[in-house]
Amino acid sequence: MAKASPTENRNDGHLKRTPLDKFNRELGAKMAAFAGFELPLSFEGVIVEHVATRTSAGLFDISHMGIVDLLPAKGHDLGIAAERLEKISPISITDLRLERMRYGLLTNDEGGVVDDLIISRHDDRLRLVLNAAQTEEDLDYIQQRTSNLAKVEVRGDLAQLALQGPKSSEVLSQFSDKIDDLNFMQRHEFQIDGIDCDISRSGYTGEDGFELIVPATSVERLADKLLQDERVVPCGLGARDSLRLEAGLCLYGHELTARTTPIEAGLAWTIQQRRRVDAAFAGAQIILRQLSSGPTRTRVGISALTRRPIRDGAELKSTEDVAVGTVTSGGFGPTCERPVAMGYVQTEFADAGTSLIADVRGKEVPCEVTTLPFVPHRYQRN
């Protein structure tokens, strides 16, 4: 799941560093502040890294993400903890099978998104991977709602890498041919060069790829091992952002906020039928009403009709000069070879092909609504 926008930072002057910080700097990383961390913005350049991920394999340090294990409290079982977590999430958790994963959301009582996350099922626990900027808030929210029925364990002893791209499976299959047997959103434990790796077929670039959770003390050795393969290129936040934007994937703080509902965000697919029927989660009344009747605004793709990029925050207007929405993410799409963006517009202006005007620093940029994603997903499914 790992997501990034290189311009964001909530903790200037007190930036955290990942276990790969020294390694990244020795590789020549240009550093940037993001979510209270100092992380690589790029190594060889954003476009080089973007193209490498689309055509070969890109390696990303995503150790800033919050890794949290949810275990049953003494005298309770994991099912009880899962049931309680479902009270603040519209995804189905109690029926999540061993070694499977789901992308999902935490919601508040107003139907807004507290965070998006990946949840996976282990033998004795549920593992949550949270956005770095939201981890503390998420933990408070989870602990308040799970009370004494679950034990929350922050895994600061772990680090995480993402190996993304069409050749990522070939790279990892050198260490175990069974890694390629994983399907999208499935995980298993493997060893690479003697390092215990919790490997999932997942990622946030739209490409086939894997995420590897490993002991923080071993992550540098693993990263070095993977980069010895000439097909693998080190990548930073810049490429990560342009890749997820082309793939039409949401970023918390941009497409997702505490005031944005899953239905507005186009994430109704994350709410399984059982949860729609039981309606027993935070914000259910508002979310299910929108699911039935439709929201007043919705997330769409935006394509500029000139070479000028449309950045987040730009106002969107109709051709009659009426304000109809706002851009939430935007930039140049190297694969598309043109500027691309996402934003929210009133539903009557959400049809693909609808002409709009973006106000970019006082200049009017013609654009049109585009179906998402800009680049088709290439996940490995059965």
# chains A, B, ... in the order shown; residues from 1 in each chain; ligands from 1

call {"tool": "residues_around", "arguments": {"residues": "Leu212 of chain A", "least_positions_apart": "4", "cutoff": "12 Å", "atoms": "only C-alpha atoms", "output": "PyMOL selection string"}}
result
chain A and resi 1-2+59-63+67+129+158-164+168+172+179+187-192+195-203+216+218-219+222-223+226

call {"tool": "select_by_dssp", "arguments": {"residues": "segment 149-245 of chain A", "states": "strand (DSSP E)", "output": "PyMOL selection string"}}
result
chain A and resi 150-154+158-164+187-192+195-200+209-215+232-235

call {"tool": "write_last_selection", "arguments": {"atoms": "N, CA and C atoms", "output": "mmCIF file, in the first residue's frame"}}
result
data_model
loop_
_atom_site.group_PDB
_atom_site.id
_atom_site.type_symbol
_atom_site.label_atom_id
_atom_site.label_comp_id
_atom_site.auth_asym_id
_atom_site.auth_seq_id
_atom_site.Cartn_x
_atom_site.Cartn_y
_atom_site.Cartn_z
ATOM 1 N N ALA A 150 -8.378 -6.131 22.668
ATOM 2 C CA ALA A 150 -7.259 -6.371 21.760
ATOM 3 C C ALA A 150 -6.003 -5.689 22.280
ATOM 4 N N LYS A 151 -4.889 -6.271 21.953
ATOM 5 C CA LYS A 151 -3.593 -5.703 22.299
ATOM 6 C C LYS A 151 -2.976 -5.122 21.038
ATOM 7 N N VAL A 152 -2.592 -3.857 21.085
ATOM 8 C CA VAL A 152 -2.017 -3.178 19.928
ATOM 9 C C VAL A 152 -0.507 -3.097 20.113
ATOM 10 N N GLU A 153 0.224 -3.630 19.149
ATOM 11 C CA GLU A 153 1.678 -3.703 19.247
ATOM 12 C C GLU A 153 2.304 -2.984 18.048
ATOM 13 N N VAL A 154 2.992 -1.872 18.317
ATOM 14 C CA VAL A 154 3.665 -1.127 17.258
ATOM 15 C C VAL A 154 4.994 -1.806 16.961
ATOM 16 N N LEU A 158 10.582 -3.520 12.817
ATOM 17 C CA LEU A 158 10.456 -3.975 11.438
ATOM 18 C C LEU A 158 10.654 -2.822 10.458
ATOM 19 N N ALA A 159 11.091 -3.163 9.254
ATOM 20 C CA ALA A 159 11.232 -2.203 8.160
ATOM 21 C C ALA A 159 10.525 -2.778 6.942
ATOM 22 N N GLN A 160 10.341 -1.940 5.920
ATOM 23 C CA GLN A 160 9.560 -2.388 4.762
ATOM 24 C C GLN A 160 10.138 -1.840 3.464
ATOM 25 N N LEU A 161 10.206 -2.716 2.472
ATOM 26 C CA LEU A 161 10.617 -2.365 1.117
ATOM 27 C C LEU A 161 9.490 -2.689 0.150
ATOM 28 N N ALA A 162 9.449 -1.969 -0.965
ATOM 29 C CA ALA A 162 8.532 -2.306 -2.051
ATOM 30 C C ALA A 162 9.352 -2.525 -3.307
ATOM 31 N N LEU A 163 9.200 -3.683 -3.916
ATOM 32 C CA LEU A 163 9.826 -3.985 -5.201
ATOM 33 C C LEU A 163 8.708 -4.061 -6.219
ATOM 34 N N GLN A 164 8.669 -3.093 -7.121
ATOM 35 C CA GLN A 164 7.537 -2.937 -8.021
ATOM 36 C C GLN A 164 7.970 -2.952 -9.476
ATOM 37 N N ARG A 187 -0.002 -13.125 0.974
ATOM 38 C CA ARG A 187 1.296 -13.010 1.632
ATOM 39 C C ARG A 187 1.777 -14.371 2.115
ATOM 40 N N HIS A 188 3.076 -14.465 2.350
ATOM 41 C CA HIS A 188 3.662 -15.681 2.906
ATOM 42 C C HIS A 188 5.048 -15.323 3.433
ATOM 43 N N GLU A 189 5.558 -16.159 4.308
ATOM 44 C CA GLU A 189 6.886 -15.923 4.867
ATOM 45 C C GLU A 189 7.933 -16.724 4.090
ATOM 46 N N PHE A 190 8.997 -16.026 3.692
ATOM 47 C CA PHE A 190 10.093 -16.622 2.935
ATOM 48 C C PHE A 190 11.413 -16.206 3.586
ATOM 49 N N GLN A 191 12.478 -16.799 3.103
ATOM 50 C CA GLN A 191 13.817 -16.362 3.480
ATOM 51 C C GLN A 191 14.571 -15.940 2.234
ATOM 52 N N ILE A 192 15.226 -14.784 2.325
ATOM 53 C CA ILE A 192 16.108 -14.311 1.265
ATOM 54 C C ILE A 192 17.478 -14.068 1.874
ATOM 55 N N ILE A 195 17.505 -13.997 5.506
ATOM 56 C CA ILE A 195 16.698 -12.965 6.165
ATOM 57 C C ILE A 195 15.233 -13.384 6.135
ATOM 58 N N ASP A 196 14.573 -13.369 7.287
ATOM 59 C CA ASP A 196 13.139 -13.672 7.349
ATOM 60 C C ASP A 196 12.349 -12.529 6.711
ATOM 61 N N CYS A 197 11.540 -12.846 5.719
ATOM 62 C CA CYS A 197 10.792 -11.834 4.971
ATOM 63 C C CYS A 197 9.312 -12.194 4.930
ATOM 64 N N ASP A 198 8.478 -11.283 5.367
ATOM 65 C CA ASP A 198 7.034 -11.413 5.178
ATOM 66 C C ASP A 198 6.732 -10.730 3.847
ATOM 67 N N ILE A 199 6.519 -11.523 2.798
ATOM 68 C CA ILE A 199 6.393 -10.997 1.445
ATOM 69 C C ILE A 199 4.945 -11.066 0.982
ATOM 70 N N SER A 200 4.439 -9.964 0.482
ATOM 71 C CA SER A 200 3.084 -9.918 -0.079
ATOM 72 C C SER A 200 3.155 -9.450 -1.521
ATOM 73 N N GLY A 209 3.919 -6.363 -8.336
ATOM 74 C CA GLY A 209 5.021 -6.083 -7.433
ATOM 75 C C GLY A 209 4.820 -6.709 -6.080
ATOM 76 N N PHE A 210 5.766 -6.445 -5.198
ATOM 77 C CA PHE A 210 5.792 -7.071 -3.886
ATOM 78 C C PHE A 210 6.184 -6.053 -2.825
ATOM 79 N N GLU A 211 5.705 -6.298 -1.611
ATOM 80 C CA GLU A 211 6.165 -5.548 -0.449
ATOM 81 C C GLU A 211 6.757 -6.531 0.540
ATOM 82 N N LEU A 212 7.907 -6.176 1.115
ATOM 83 C CA LEU A 212 8.667 -7.071 1.976
ATOM 84 C C LEU A 212 8.854 -6.437 3.350
ATOM 85 N N ILE A 213 8.302 -7.066 4.376
ATOM 86 C CA ILE A 213 8.485 -6.616 5.760
ATOM 87 C C ILE A 213 9.551 -7.501 6.398
ATOM 88 N N VAL A 214 10.597 -6.867 6.907
ATOM 89 C CA VAL A 214 11.763 -7.599 7.405
ATOM 90 C C VAL A 214 12.269 -6.957 8.696
ATOM 91 N N PRO A 215 13.112 -7.669 9.464
ATOM 92 C CA PRO A 215 13.721 -7.041 10.634
ATOM 93 C C PRO A 215 14.502 -5.788 10.224
ATOM 94 N N VAL A 232 17.059 -3.949 -11.205
ATOM 95 C CA VAL A 232 16.456 -3.207 -10.100
ATOM 96 C C VAL A 232 17.092 -1.823 -9.975
ATOM 97 N N VAL A 233 16.234 -0.796 -9.873
ATOM 98 C CA VAL A 233 16.674 0.598 -9.761
ATOM 99 C C VAL A 233 16.152 1.179 -8.447
ATOM 100 N N PRO A 234 17.005 1.861 -7.648
ATOM 101 C CA PRO A 234 16.494 2.516 -6.441
ATOM 102 C C PRO A 234 15.587 3.683 -6.811
ATOM 103 N N CYS A 235 14.470 3.820 -6.110
ATOM 104 C CA CYS A 235 13.470 4.840 -6.443
ATOM 105 C C CYS A 235 13.053 5.616 -5.196
#

call {"tool": "residues_around", "arguments": {"residues": "Lys74 of chain A", "least_positions_apart": "4", "cutoff": "12 Å", "atoms": "only C-alpha atoms", "output": "PyMOL selection string"}}
result
chain A and resi 78+80-81+148-151

call {"tool": "residues_around", "arguments": {"residues": "Gly66 of chain A", "least_positions_apart": "6", "cutoff": "7 Å", "atoms": "only C-alpha atoms", "output": "PyMOL selection string"}}
result
chain A and resi 129-132+135

call {"tool": "write_last_selection", "arguments": {"atoms": "C-alpha atoms", "output": "PDB file, in the first residue's frame"}}
result
ATOM      1  CA  VAL A 129       0.064  -1.106   7.622  1.00  0.00           C
ATOM      2  CA  LEU A 130      -0.855   2.534   8.192  1.00  0.00           C
ATOM      3  CA  ASN A 131       0.120   5.843   6.640  1.00  0.00           C
ATOM      4  CA  ALA A 132       3.068   7.430   8.429  1.00  0.00           C
ATOM      5  CA  THR A 135      -0.160   6.358  12.545  1.00  0.00           C
TER       6      THR A 135
END

call {"tool": "closest_atom_pairs", "arguments": {"of": "segment 221-313 of chain A", "to": "segment 338-341 of chain A", "cutoff": "12 Å", "atoms": "only C-alpha atoms", "output": "Markdown table"}}
result
| residue | atom | partner | partner_atom | distance |
| --- | --- | --- | --- | --- |
| A:Asp241 | CA | A:Ala341 | CA | 11.4 |
| A:Ser242 | CA | A:Val340 | CA | 9.2 |
| A:Leu243 | CA | A:Val340 | CA | 11.1 |
| A:Arg244 | CA | A:Ala341 | CA | 10.9 |
| A:Leu245 | CA | A:Ala341 | CA | 7.1 |
| A:Glu246 | CA | A:Val340 | CA | 7.2 |
| A:Ala247 | CA | A:Val340 | CA | 10.6 |
| A:Gly248 | CA | A:Ala341 | CA | 8.8 |
| A:Leu249 | CA | A:Ala341 | CA | 11.0 |
| A:Cys250 | CA | A:Ala341 | CA | 11.3 |
| A:His254 | CA | A:Ala341 | CA | 11.4 |
| A:Glu255 | CA | A:Ala341 | CA | 10.9 |
| A:Arg299 | CA | A:Ala341 | CA | 10.6 |
| A:Val300 | CA | A:Ala341 | CA | 8.6 |
| A:Gly301 | CA | A:Ala341 | CA | 5.9 |
| A:Ile302 | CA | A:Ala341 | CA | 4.9 |
| A:Ser303 | CA | A:Val340 | CA | 5.0 |
| A:Ala304 | CA | A:Pro339 | CA | 5.8 |
| A:Leu305 | CA | A:Pro339 | CA | 8.4 |
| A:Thr306 | CA | A:Pro339 | CA | 8.0 |
| A:Arg307 | CA | A:Pro339 | CA | 6.4 |
| A:Arg308 | CA | A:Pro339 | CA | 6.8 |
| A:Pro309 | CA | A:Pro339 | CA | 4.9 |
| A:Ile310 | CA | A:Ala341 | CA | 6.5 |
| A:Arg311 | CA | A:Ala341 | CA | 7.3 |
| A:Asp312 | CA | A:Ala341 | CA | 7.9 |
| A:Gly313 | CA | A:Ala341 | CA | 10.8 |

call {"tool": "write_last_selection", "arguments": {"atoms": "C-alpha atoms", "output": "PDB file, in the first residue's frame"}}
result
ATOM      1  CA  ASP A 241       3.797   9.786  -6.402  1.00  0.00           C
ATOM      2  CA  SER A 242       3.738   9.950 -10.212  1.00  0.00           C
ATOM      3  CA  LEU A 243       3.185   6.176 -10.443  1.00  0.00           C
ATOM      4  CA  ARG A 244       0.232   6.122  -8.043  1.00  0.00           C
ATOM      5  CA  LEU A 245      -1.247   9.206  -9.733  1.00  0.00           C
ATOM      6  CA  GLU A 246      -1.172   7.555 -13.166  1.00  0.00           C
ATOM      7  CA  ALA A 247      -2.711   4.457 -11.549  1.00  0.00           C
ATOM      8  CA  GLY A 248      -5.543   6.596 -10.130  1.00  0.00           C
ATOM      9  CA  LEU A 249      -4.767   5.617  -6.520  1.00  0.00           C
ATOM     10  CA  CYS A 250      -5.751   7.785  -3.566  1.00  0.00           C
ATOM     11  CA  HIS A 254      -5.310  14.634  -0.779  1.00  0.00           C
ATOM     12  CA  GLU A 255      -8.026  12.347  -2.173  1.00  0.00           C
ATOM     13  CA  ARG A 299     -13.482  11.726  -7.524  1.00  0.00           C
ATOM     14  CA  VAL A 300     -12.485  11.890 -11.187  1.00  0.00           C
ATOM     15  CA  GLY A 301      -9.435  11.982 -13.397  1.00  0.00           C
ATOM     16  CA  ILE A 302      -8.513  15.298 -14.995  1.00  0.00           C
ATOM     17  CA  SER A 303      -6.482  15.619 -18.191  1.00  0.00           C
ATOM     18  CA  ALA A 304      -4.973  18.982 -19.106  1.00  0.00           C
ATOM     19  CA  LEU A 305      -5.473  19.942 -22.736  1.00  0.00           C
ATOM     20  CA  THR A 306      -2.198  21.887 -22.743  1.00  0.00           C
ATOM     21  CA  ARG A 307       1.297  21.003 -21.495  1.00  0.00           C
ATOM     22  CA  ARG A 308       0.815  23.005 -18.280  1.00  0.00           C
ATOM     23  CA  PRO A 309       0.488  20.696 -15.212  1.00  0.00           C
ATOM     24  CA  ILE A 310      -2.514  21.200 -12.946  1.00  0.00           C
ATOM     25  CA  ARG A 311      -1.437  20.975  -9.310  1.00  0.00           C
ATOM     26  CA  ASP A 312      -3.419  20.146  -6.172  1.00  0.00           C
ATOM     27  CA  GLY A 313      -5.516  22.991  -4.841  1.00  0.00           C
TER      28      GLY A 313
END

call {"tool": "closest_residue", "arguments": {"among": "A:His122, A:Lys363, A:Arg381, A:Arg145", "to": "Ile88 of chain A", "atoms": "only C-alpha atoms"}}
result
A:Arg145

call {"tool": "select_by_dssp", "arguments": {"residues": "segment 162-320 of chain A", "states": "alpha helix (DSSP H)", "output": "PDB file with N, CA and C atoms, in the first residue's frame"}}
result
ATOM      1  N   SER A 168       9.783  -7.646 -11.300  1.00  0.00           N
ATOM      2  CA  SER A 168       9.998  -7.864  -9.866  1.00  0.00           C
ATOM      3  C   SER A 168       9.864  -9.337  -9.495  1.00  0.00           C
ATOM      4  N   SER A 169       8.947 -10.045 -10.130  1.00  0.00           N
ATOM      5  CA  SER A 169       8.775 -11.458  -9.823  1.00  0.00           C
ATOM      6  C   SER A 169       9.997 -12.267 -10.250  1.00  0.00           C
ATOM      7  N   GLU A 170      10.550 -11.937 -11.411  1.00  0.00           N
ATOM      8  CA  GLU A 170      11.754 -12.629 -11.865  1.00  0.00           C
ATOM      9  C   GLU A 170      12.904 -12.410 -10.888  1.00  0.00           C
ATOM     10  N   VAL A 171      13.011 -11.208 -10.379  1.00  0.00           N
ATOM     11  CA  VAL A 171      14.088 -10.879  -9.442  1.00  0.00           C
ATOM     12  C   VAL A 171      13.955 -11.703  -8.168  1.00  0.00           C
ATOM     13  N   LEU A 172      12.752 -11.734  -7.589  1.00  0.00           N
ATOM     14  CA  LEU A 172      12.564 -12.447  -6.325  1.00  0.00           C
ATOM     15  C   LEU A 172      12.557 -13.961  -6.511  1.00  0.00           C
ATOM     16  N   SER A 173      12.189 -14.429  -7.685  1.00  0.00           N
ATOM     17  CA  SER A 173      12.139 -15.872  -7.922  1.00  0.00           C
ATOM     18  C   SER A 173      13.522 -16.513  -7.894  1.00  0.00           C
ATOM     19  N   VAL A 219      17.425  -4.912   6.941  1.00  0.00           N
ATOM     20  CA  VAL A 219      16.861  -4.315   5.734  1.00  0.00           C
ATOM     21  C   VAL A 219      17.941  -3.763   4.811  1.00  0.00           C
ATOM     22  N   GLU A 220      19.039  -3.243   5.368  1.00  0.00           N
ATOM     23  CA  GLU A 220      20.103  -2.721   4.515  1.00  0.00           C
ATOM     24  C   GLU A 220      20.744  -3.848   3.698  1.00  0.00           C
ATOM     25  N   ARG A 221      20.986  -4.969   4.331  1.00  0.00           N
ATOM     26  CA  ARG A 221      21.579  -6.105   3.621  1.00  0.00           C
ATOM     27  C   ARG A 221      20.641  -6.604   2.521  1.00  0.00           C
ATOM     28  N   LEU A 222      19.338  -6.622   2.804  1.00  0.00           N
ATOM     29  CA  LEU A 222      18.374  -7.073   1.803  1.00  0.00           C
ATOM     30  C   LEU A 222      18.313  -6.096   0.627  1.00  0.00           C
ATOM     31  N   ALA A 223      18.264  -4.793   0.931  1.00  0.00           N
ATOM     32  CA  ALA A 223      18.214  -3.795  -0.139  1.00  0.00           C
ATOM     33  C   ALA A 223      19.454  -3.887  -1.024  1.00  0.00           C
ATOM     34  N   ASP A 224      20.601  -4.055  -0.403  1.00  0.00           N
ATOM     35  CA  ASP A 224      21.842  -4.181  -1.164  1.00  0.00           C
ATOM     36  C   ASP A 224      21.811  -5.424  -2.054  1.00  0.00           C
ATOM     37  N   LYS A 225      21.285  -6.520  -1.514  1.00  0.00           N
ATOM     38  CA  LYS A 225      21.188  -7.770  -2.275  1.00  0.00           C
ATOM     39  C   LYS A 225      20.301  -7.581  -3.504  1.00  0.00           C
ATOM     40  N   LEU A 226      19.176  -6.932  -3.328  1.00  0.00           N
ATOM     41  CA  LEU A 226      18.244  -6.740  -4.441  1.00  0.00           C
ATOM     42  C   LEU A 226      18.820  -5.791  -5.491  1.00  0.00           C
ATOM     43  N   LEU A 227      19.543  -4.772  -5.049  1.00  0.00           N
ATOM     44  CA  LEU A 227      20.094  -3.798  -5.987  1.00  0.00           C
ATOM     45  C   LEU A 227      21.307  -4.327  -6.749  1.00  0.00           C
ATOM     46  N   LEU A 237      10.429   9.100  -3.494  1.00  0.00           N
ATOM     47  CA  LEU A 237       9.061   9.582  -3.338  1.00  0.00           C
ATOM     48  C   LEU A 237       8.478  10.180  -4.613  1.00  0.00           C
ATOM     49  N   GLY A 238       9.336  10.850  -5.399  1.00  0.00           N
ATOM     50  CA  GLY A 238       8.832  11.498  -6.610  1.00  0.00           C
ATOM     51  C   GLY A 238       8.207  10.508  -7.572  1.00  0.00           C
ATOM     52  N   ALA A 239       8.928   9.411  -7.844  1.00  0.00           N
ATOM     53  CA  ALA A 239       8.397   8.388  -8.748  1.00  0.00           C
ATOM     54  C   ALA A 239       7.211   7.684  -8.127  1.00  0.00           C
ATOM     55  N   ARG A 240       7.265   7.486  -6.828  1.00  0.00           N
ATOM     56  CA  ARG A 240       6.150   6.818  -6.163  1.00  0.00           C
ATOM     57  C   ARG A 240       4.863   7.610  -6.339  1.00  0.00           C
ATOM     58  N   ASP A 241       4.976   8.941  -6.269  1.00  0.00           N
ATOM     59  CA  ASP A 241       3.797   9.786  -6.402  1.00  0.00           C
ATOM     60  C   ASP A 241       3.288   9.806  -7.845  1.00  0.00           C
ATOM     61  N   SER A 242       4.189   9.911  -8.813  1.00  0.00           N
ATOM     62  CA  SER A 242       3.738   9.950 -10.212  1.00  0.00           C
ATOM     63  C   SER A 242       3.161   8.603 -10.645  1.00  0.00           C
ATOM     64  N   LEU A 243       3.708   7.508 -10.114  1.00  0.00           N
ATOM     65  CA  LEU A 243       3.185   6.176 -10.443  1.00  0.00           C
ATOM     66  C   LEU A 243       1.779   5.977  -9.894  1.00  0.00           C
ATOM     67  N   ARG A 244       1.567   6.344  -8.624  1.00  0.00           N
ATOM     68  CA  ARG A 244       0.232   6.122  -8.043  1.00  0.00           C
ATOM     69  C   ARG A 244      -0.787   7.080  -8.666  1.00  0.00           C
ATOM     70  N   LEU A 245      -0.328   8.269  -9.087  1.00  0.00           N
ATOM     71  CA  LEU A 245      -1.247   9.206  -9.733  1.00  0.00           C
ATOM     72  C   LEU A 245      -1.708   8.655 -11.078  1.00  0.00           C
ATOM     73  N   GLU A 246      -0.781   8.152 -11.892  1.00  0.00           N
ATOM     74  CA  GLU A 246      -1.172   7.555 -13.166  1.00  0.00           C
ATOM     75  C   GLU A 246      -2.092   6.355 -12.957  1.00  0.00           C
ATOM     76  N   GLN A 273     -20.435  -6.938   0.742  1.00  0.00           N
ATOM     77  CA  GLN A 273     -21.886  -7.010   0.862  1.00  0.00           C
ATOM     78  C   GLN A 273     -22.330  -7.259   2.299  1.00  0.00           C
ATOM     79  N   ARG A 274     -21.623  -8.113   3.010  1.00  0.00           N
ATOM     80  CA  ARG A 274     -22.006  -8.395   4.403  1.00  0.00           C
ATOM     81  C   ARG A 274     -22.021  -7.131   5.251  1.00  0.00           C
ATOM     82  N   ARG A 275     -21.052  -6.255   5.025  1.00  0.00           N
ATOM     83  CA  ARG A 275     -20.980  -5.013   5.804  1.00  0.00           C
ATOM     84  C   ARG A 275     -22.064  -4.022   5.398  1.00  0.00           C
ATOM     85  N   ARG A 276     -22.478  -4.089   4.158  1.00  0.00           N
ATOM     86  CA  ARG A 276     -23.564  -3.215   3.711  1.00  0.00           C
ATOM     87  C   ARG A 276     -24.878  -3.638   4.363  1.00  0.00           C
ATOM     88  N   VAL A 277     -25.008  -4.927   4.599  1.00  0.00           N
ATOM     89  CA  VAL A 277     -26.224  -5.446   5.219  1.00  0.00           C
ATOM     90  C   VAL A 277     -26.234  -5.189   6.718  1.00  0.00           C
ATOM     91  N   ASP A 278     -25.105  -5.472   7.399  1.00  0.00           N
ATOM     92  CA  ASP A 278     -25.125  -5.313   8.860  1.00  0.00           C
ATOM     93  C   ASP A 278     -25.045  -3.848   9.287  1.00  0.00           C
ATOM     94  N   ALA A 284     -21.887   4.526   9.092  1.00  0.00           N
ATOM     95  CA  ALA A 284     -22.631   3.661   8.176  1.00  0.00           C
ATOM     96  C   ALA A 284     -23.858   4.345   7.582  1.00  0.00           C
ATOM     97  N   GLN A 285     -24.591   5.076   8.380  1.00  0.00           N
ATOM     98  CA  GLN A 285     -25.833   5.689   7.889  1.00  0.00           C
ATOM     99  C   GLN A 285     -25.549   6.638   6.725  1.00  0.00           C
ATOM    100  N   ILE A 286     -24.511   7.455   6.871  1.00  0.00           N
ATOM    101  CA  ILE A 286     -24.174   8.423   5.829  1.00  0.00           C
ATOM    102  C   ILE A 286     -23.601   7.714   4.607  1.00  0.00           C
ATOM    103  N   ILE A 287     -22.694   6.780   4.842  1.00  0.00           N
ATOM    104  CA  ILE A 287     -22.024   6.078   3.748  1.00  0.00           C
ATOM    105  C   ILE A 287     -23.017   5.254   2.936  1.00  0.00           C
ATOM    106  N   LEU A 288     -23.907   4.532   3.608  1.00  0.00           N
ATOM    107  CA  LEU A 288     -24.860   3.676   2.894  1.00  0.00           C
ATOM    108  C   LEU A 288     -25.936   4.496   2.192  1.00  0.00           C
ATOM    109  N   ARG A 289     -26.264   5.648   2.739  1.00  0.00           N
ATOM    110  CA  ARG A 289     -27.209   6.525   2.056  1.00  0.00           C
ATOM    111  C   ARG A 289     -26.605   7.027   0.747  1.00  0.00           C
ATOM    112  N   GLN A 290     -25.331   7.405   0.785  1.00  0.00           N
ATOM    113  CA  GLN A 290     -24.663   7.831  -0.443  1.00  0.00           C
ATOM    114  C   GLN A 290     -24.528   6.678  -1.430  1.00  0.00           C
ATOM    115  N   LEU A 291     -24.288   5.479  -0.911  1.00  0.00           N
ATOM    116  CA  LEU A 291     -24.177   4.308  -1.776  1.00  0.00           C
ATOM    117  C   LEU A 291     -25.492   4.066  -2.513  1.00  0.00           C
ATOM    118  N   SER A 292     -26.594   4.320  -1.839  1.00  0.00           N
ATOM    119  CA  SER A 292     -27.923   4.098  -2.428  1.00  0.00           C
ATOM    120  C   SER A 292     -28.349   5.229  -3.351  1.00  0.00           C
ATOM    121  N   SER A 293     -28.166   6.464  -2.888  1.00  0.00           N
ATOM    122  CA  SER A 293     -28.691   7.621  -3.619  1.00  0.00           C
ATOM    123  C   SER A 293     -27.651   8.359  -4.446  1.00  0.00           C
TER     124      SER A 293
END

call {"tool": "residues_around", "arguments": {"residues": "Gly28 of chain A", "least_positions_apart": "2", "cutoff": "9 Å", "atoms": "only C-alpha atoms", "output": "MDAnalysis selection string"}}
result
chainID A and resid 23:26 30 42:44

call {"tool": "closest_residue", "arguments": {"among": "A:Thr205, A:Asp21, A:Asp77, A:Leu15", "to": "Ala133 of chain A", "atoms": "only C-alpha atoms"}}
result
A:Leu15

call {"tool": "closest_residue", "arguments": {"among": "A:Phe175, A:Tyr252, A:Phe37, A:Phe184", "to": "Leu105 of chain A", "atoms": "only C-alpha atoms"}}
result
A:Tyr252

call {"tool": "decode", "arguments": {"residues": "segment 91-104 of chain A", "atoms": "C-alpha atoms", "output": "short mmCIF file (atom, residue, chain, number, x, y, z; two decimals), in the first residue's frame"}}
result
data_model
loop_
_atom_site.label_atom_id
_atom_site.label_comp_id
_atom_site.auth_asym_id
_atom_site.auth_seq_id
_atom_site.Cartn_x
_atom_site.Cartn_y
_atom_site.Cartn_z
CA ILE A 91 -14.39 -3.71 5.27
CA SER A 92 -15.03 -7.34 6.17
CA ILE A 93 -12.27 -8.46 8.55
CA THR A 94 -13.65 -11.44 10.49
CA ASP A 95 -13.74 -13.58 7.33
CA LEU A 96 -10.27 -12.61 6.13
CA ARG A 97 -8.47 -15.87 5.39
CA LEU A 98 -4.99 -16.80 6.60
CA GLU A 99 -2.24 -15.20 4.48
CA ARG A 100 -4.72 -12.94 2.69
CA MET A 101 -4.82 -9.15 2.69
CA ARG A 102 -7.36 -6.42 2.09
CA TYR A 103 -7.14 -2.75 1.28
CA GLY A 104 -9.57 -0.87 3.45
#
